[in-house]
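Engineer: First, the structure itself, so that you have it in front of you.
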Amino acid sequence: MKFLLPFFVLYSFQLPAQTLYQYRNDQPRWATFENPKAARGAGGMENQSAKGHAFEPIEAGASATLMEVQGAGIVQRIWITINDRSPEMLRSLRLEMFWDGEKKPAVSVPLGDFFSISHGQTMPFENALFSSPEGRSFNCFIPMPFRKGARIVVTNDSPKRLDLFFYDVDFQLVDKLPDDAMYFHCHWRRELKTTLGKDFELLPNVTGWGRFLGVNMGLITAPEYGKSWWGEGEVKIYLDGDGQFPTIVGTGSEDYVGSGWGLGKFINRTQGCPVANDSTRQWSLYRFHLEDALFFQKNFRATIQVLGGYMRDEVRKFIADKVPLTPVTVNVQQGCIKLLEPGAPKLSDPDFPDGWVNFYRTEDYCATAYFYLEKPTDELPPLPNLELRTAGMK
């Protein structure tokens with residue numbers, strides 16, 4: 001663990017100015033359809049060296065290998081553009097990355113969600129790790145080291161052909177990586193209806209030592225909660241053997257992404273809310289832990305409470321209508337009344353004080369978690385099936 005810091009100084013997300021003019025004996029390579037093996041002196045060999053192979057279609061059920069190289073190196077940038085950017089297609093395209101010859105991918109996620117786009121809502125944006133300059137392309141700038149080799153594959157799990165797929169994967173071949181260089185991992189999950197009173201897992205438990213880079217999460221609020229606020233849930237970070245209770249706890253969903261008192265659309269460097277639409281009931285948030293690094297030594301897990309809030313009388317109406325909820329706290333002038341403690345008052349009591357009631361609810365939640373790990377594979381479950389990924393995506 002003592003070697004973690006030097007690697008992130010050398011390959012940090014904010015390179016010190018002097019490294020721009022310091023020479024490194026790296027070998028730059030780009031993998032594209034014009035040079036799929038990224039071989040030296042082998043680019044643009046088709047069509048008499050004119051533009052000849054800029055894109056390929058991906059048939060339904062077929063895969064395209066974007067990169068397959070041997071040796072040590074670091075992926076530095078991935079760029080992709082496609083002609084069908086519908087929410088359904090962005091959830092149907094499966095992006096996978098394999099490090100050092102492993103058969104199990106370290107990354108297996110829907111393409112759109114990987115590039116920080118929940119619900120397939122494309123738009124122009126830029127943050128510290130991803131960008132889409134005009135809403136028509138996908139860029140990733142996360143450094144991804146490998147020691148023995150790397151393979152990146154996109155599979156079209158949809159029932160229809162994708163006509164145009166363009167890409168390049170920019171990487172450096174190196175003589176040797178630092179001993180502390182970790183492998184990039186990414187995990188996606190979704191629950192169409194979360195369990196009442198149970199936190200949603202942003203990242204299930206992973207073992208080993210590494211660093212949590214952050215998360216892109218999205219939710220579609222359930223219609224039965226009307227215009228009530230969904231974002232009272234606190235993010236919890238379980239570190240290095242934490243049991244029932246975590247080491248790190250936030251104070252609310254909008255608080256976690258650096259805002260407060262509700263949440264509108266904004267796009268910042270390490271935190272943002274690109275989608276905030278109470279008409280479609282869709283929300284998308286991201287938070288990247290770059291300056292506030294989250295390293296772990298033994299294991300890591302991240303969750304968010306599925307909590308909302310509304311005024312007392314509105315919550316009473318929900319209860320009368322049998323809307324699924326569990327009151328948790330009520331905010332009054334004197335402070336916070338904890339409704340789950342023994343002897344606490346009941347919301348139905350005639351003299352229950354008026355105030356803002358926080359309550360457990362159920363939602364359609366998804367999350368894309370980004371992290372580094374000491375090993376090229378993890379024990380996380382595989383990417384869910386297409387039906388779950390694309391449910392409600394139009």
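Following the order of the structure tokens, chains are lettered A, B, ..., residues in each are numbered from 1, and ligands are numbered from 1.
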From a DSSP pass on the backbone, collect the residues of segment 163-331 of chain A flagged as helix (DSSP H, G or I) and hand them back as a ChimeraX atom specification.
Structural biologist: /A:223-225,253-256,312-320
Engineer: Run DSSP on the backbone and tell me which residues of segment 65-301 of chain A come out as strand (DSSP E); list them as an NGL selection string.
Structural biologist: :A and (65-70 or 73-82 or 93-99 or 107-110 or 125-126 or 130-132 or 138-140 or 144-146 or 149-156 or 162-173 or 183-191 or 200-207 or 210-220 or 235-239 or 248-249 or 266-267 or 271-277 or 282-288 or 294-296 or 299-301)
Engineer: Each residue of segment 85-147 of chain A lying at most 7 Å from segment 376-390 of chain A should get a row with its shortest atom-to-atom pair and the distance in Å to one decimal, counting only C-alpha atoms; could you produce that, ordered by chain and increasing number, as a tab-separated table?
Structural biologist:
```
residue	atom	partner	partner_atom	distance
A:Glu88	CA	A:Thr390	CA	5.8
A:Arg91	CA	A:Thr390	CA	5.9
A:Ser92	CA	A:Leu386	CA	6.5
A:Trp99	CA	A:Pro376	CA	5.6
A:Asp100	CA	A:Pro376	CA	6.9
A:Lys104	CA	A:Thr377	CA	6.4
A:Pro105	CA	A:Thr377	CA	6.5
A:Ala106	CA	A:Thr377	CA	5.1
A:Ser108	CA	A:Leu383	CA	6.0
A:Val109	CA	A:Leu383	CA	6.3
```
Engineer: Fewer than 5 positions away in the same chain doesn't count, so skip those; otherwise give me all residues within 8 Å of Gln271 of chain A, counting only C-alpha atoms, as a count of residues only.
Structural biologist: 7
Engineer: For a quick check of understanding, using only C-alpha atoms, which of A:Arg151, A:Lys338, A:Arg85, A:Arg136 has the smallest distance to Gly120 of chain A?
Structural biologist: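 The shortest atom-to-atom distance to Gly120 of chain A comes from A:Arg85.
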Engineer: Which residues, written as a PyMOL selection string, have at least one atom at most 10 Å from Ile220 of chain A, with only C-alpha atoms counted and residues fewer than 6 positions away on the same chain left out?
Structural biologist: chain A and resi 119+192-193+230+277-278+280-284+363-366+392
Engineer: Just write the chosen residues, C-alpha atoms, as a short mmCIF file (atom, residue, chain, number, x, y, z; two decimals), in the first residue's frame.
Structural biologist:
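Result saved to part02.cif:
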```cif
data_model
loop_
_atom_site.label_atom_id
_atom_site.label_comp_id
_atom_site.auth_asym_id
_atom_site.auth_seq_id
_atom_site.Cartn_x
_atom_site.Cartn_y
_atom_site.Cartn_z
CA HIS A 119 -30.87 6.94 -19.36
CA LEU A 192 -36.29 -1.48 -11.47
CA LYS A 193 -37.92 -1.36 -8.04
CA TRP A 230 -36.64 11.92 -3.92
CA ASN A 277 -36.52 16.43 -15.24
CA ASP A 278 -39.49 16.06 -12.93
CA THR A 280 -40.16 12.53 -17.22
CA ARG A 281 -39.16 11.74 -13.60
CA GLN A 282 -35.56 11.16 -14.74
CA TRP A 283 -32.47 12.27 -12.86
CA SER A 284 -28.78 11.65 -13.46
CA GLU A 363 -37.38 3.74 -7.10
CA ASP A 364 -35.85 2.61 -10.38
CA TYR A 365 -32.13 3.11 -9.69
CA CYS A 366 -29.03 2.44 -11.80
CA GLY A 392 -38.43 1.80 -20.07
#
```
Engineer: Please identify all polymer residues within 12 Å of Lys176 of chain A, counting only C-alpha atoms, omitting same-chain residues fewer than 6 positions from it, and present them as a list in words.
Structural biologist: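 Final neighbour list, sorted by chain and number: Asn25, Asp26, Gln27, Gly71, Ala72, Gly73, Ile74, Pro145, Phe146, Arg147 and Lys148 of chain A.
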Engineer: I want to know what sits within 12 Å of Arg40 of chain A, based on only C-alpha atoms, with residues of the same chain fewer than 3 positions away left out; could you give that as a ChimeraX atom specification?
Structural biologist: /A:27-31,35-37,43-45,173
Engineer: Would you save the residues of that selection, restricted to N, CA and C atoms, as a JSON list (two decimals), in the first residue's frame?
Structural biologist:
```
[["chain", "number", "residue", "atom", "x", "y", "z"],
["A", 27, "GLN", "N", 5.72, 4.67, -26.30],
["A", 27, "GLN", "CA", 5.43, 4.48, -27.71],
["A", 27, "GLN", "C", 3.94, 4.74, -27.96],
["A", 28, "PRO", "N", 3.58, 5.86, -28.56],
["A", 28, "PRO", "CA", 2.16, 6.17, -28.78],
["A", 28, "PRO", "C", 1.56, 5.29, -29.87],
["A", 29, "ARG", "N", 0.33, 4.83, -29.61],
["A", 29, "ARG", "CA", -0.38, 4.00, -30.58],
["A", 29, "ARG", "C", -1.87, 4.40, -30.57],
["A", 30, "TRP", "N", -2.50, 4.29, -31.74],
["A", 30, "TRP", "CA", -3.95, 4.45, -31.85],
["A", 30, "TRP", "C", -4.51, 3.20, -32.53],
["A", 31, "ALA", "N", -5.49, 2.59, -31.90],
["A", 31, "ALA", "CA", -6.21, 1.48, -32.52],
["A", 31, "ALA", "C", -7.48, 2.03, -33.14],
["A", 35, "ASN", "N", -6.31, 0.93, -38.54],
["A", 35, "ASN", "CA", -5.13, 0.21, -38.04],
["A", 35, "ASN", "C", -5.54, -0.56, -36.79],
["A", 36, "PRO", "N", -6.32, -1.63, -36.94],
["A", 36, "PRO", "CA", -6.92, -2.31, -35.79],
["A", 36, "PRO", "C", -5.92, -2.92, -34.83],
["A", 37, "LYS", "N", -4.75, -3.30, -35.29],
["A", 37, "LYS", "CA", -3.75, -3.86, -34.41],
["A", 37, "LYS", "C", -2.82, -2.79, -33.83],
["A", 43, "GLY", "N", -0.83, 1.95, -40.56],
["A", 43, "GLY", "CA", -2.09, 2.68, -40.58],
["A", 43, "GLY", "C", -2.49, 3.13, -41.97],
["A", 44, "GLY", "N", -3.78, 3.13, -42.27],
["A", 44, "GLY", "CA", -4.29, 3.65, -43.54],
["A", 44, "GLY", "C", -3.80, 2.89, -44.76],
["A", 45, "MET", "N", -3.72, 1.57, -44.66],
["A", 45, "MET", "CA", -3.16, 0.78, -45.76],
["A", 45, "MET", "C", -4.20, 0.44, -46.83],
["A", 173, "LEU", "N", 2.46, 2.30, -25.26],
["A", 173, "LEU", "CA", 3.21, 1.11, -24.86],
["A", 173, "LEU", "C", 4.40, 1.57, -24.03]]
```
Engineer: Within 12 Å of Met89 of chain A, counting only C-alpha atoms, which residues qualify if same-chain residues fewer than 5 places away don't, as an NGL selection string?
Structural biologist: :A and (58 or 60 or 82-84 or 94 or 110-113 or 119-122 or 155-163 or 386 or 389-391 or 393-394)
Engineer: Hey, which of A:Glu126, A:Trp188, A:Lys51, A:Ala64 ends up closest to Phe266 of chain A? Count only C-alpha atoms.
Structural biologist: A:Glu126
Engineer: Closest to Thr221 of chain A among A:Thr195, A:Gln76, A:Thr362, A:Thr270, using only C-alpha atoms?
Structural biologist: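 Ranked by minimum distance to Thr221 of chain A, first place goes to A:Thr362.
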Engineer: Quick one: pull the distance between atom CA of Trp79 of chain A and atom CA of Ala369 of chain A, Å, one decimal.
Structural biologist: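 Answer for the atom CA of Trp79 of chain A to atom CA of Ala369 of chain A separation: 19.7 Å.
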Engineer: Could you check how far atom CA of Ser63 of chain A sits from atom CA of Glu374 of chain A, in Å to one decimal?
Structural biologist: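 Those two atoms sit 28.2 Å apart.
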Engineer: In Å, rounded to a single decimal, give me how far atom CA of Ser132 of chain A is from atom CA of Gly210 of chain A.
Structural biologist: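 That distance, rounded to one decimal, is 28.2 Å.
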Engineer: Which residue is closest to Tyr167 of chain A? Choose from A:Glu68, A:Glu96, A:Asp242, A:Glu56 and count only C-alpha atoms.
Structural biologist: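 Looking at the shortest contact to Tyr167 of chain A, the residue is A:Glu56.
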Engineer: Which one of A:Ala344, A:Phe352, A:Tyr183, A:Val332 sits closest to Arg316 of chain A if you count only C-alpha atoms?
Structural biologist: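 The shortest atom-to-atom distance to Arg316 of chain A comes from A:Phe352.
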Engineer: Write out, as CSV, each residue of segment 186-256 of chain A that has an atom at most 8 Å from segment 296-301 of chain A, together with the closest pair of atoms and their distance in Å to one decimal, counting only C-alpha atoms, rows going by chain and rising number.
Structural biologist:
```
residue,atom,partner,partner_atom,distance
A:Glu201,CA,A:Arg301,CA,7.8
A:Leu202,CA,A:Arg301,CA,7.9
A:Leu203,CA,A:Arg301,CA,5.6
A:Pro204,CA,A:Arg301,CA,5.3
A:Asn205,CA,A:Arg301,CA,4.5
A:Val206,CA,A:Phe300,CA,5.4
A:Thr207,CA,A:Asn299,CA,4.2
A:Gly208,CA,A:Lys298,CA,4.8
A:Trp209,CA,A:Gln297,CA,4.3
A:Gly210,CA,A:Phe296,CA,5.5
A:Arg211,CA,A:Phe296,CA,6.0
A:Phe212,CA,A:Phe296,CA,7.9
A:Ile237,CA,A:Arg301,CA,6.0
A:Tyr238,CA,A:Arg301,CA,5.0
A:Leu239,CA,A:Phe300,CA,5.0
A:Asp240,CA,A:Lys298,CA,4.7
A:Gly241,CA,A:Asn299,CA,6.7
```
Engineer: Of the residues A:Met217, A:Leu263, A:Ala293, A:Val357, which is the one nearest to Asp313 of chain A, using only C-alpha atoms?
Structural biologist: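 With only C-alpha atoms as the atom set, the closest residue is A:Val357.
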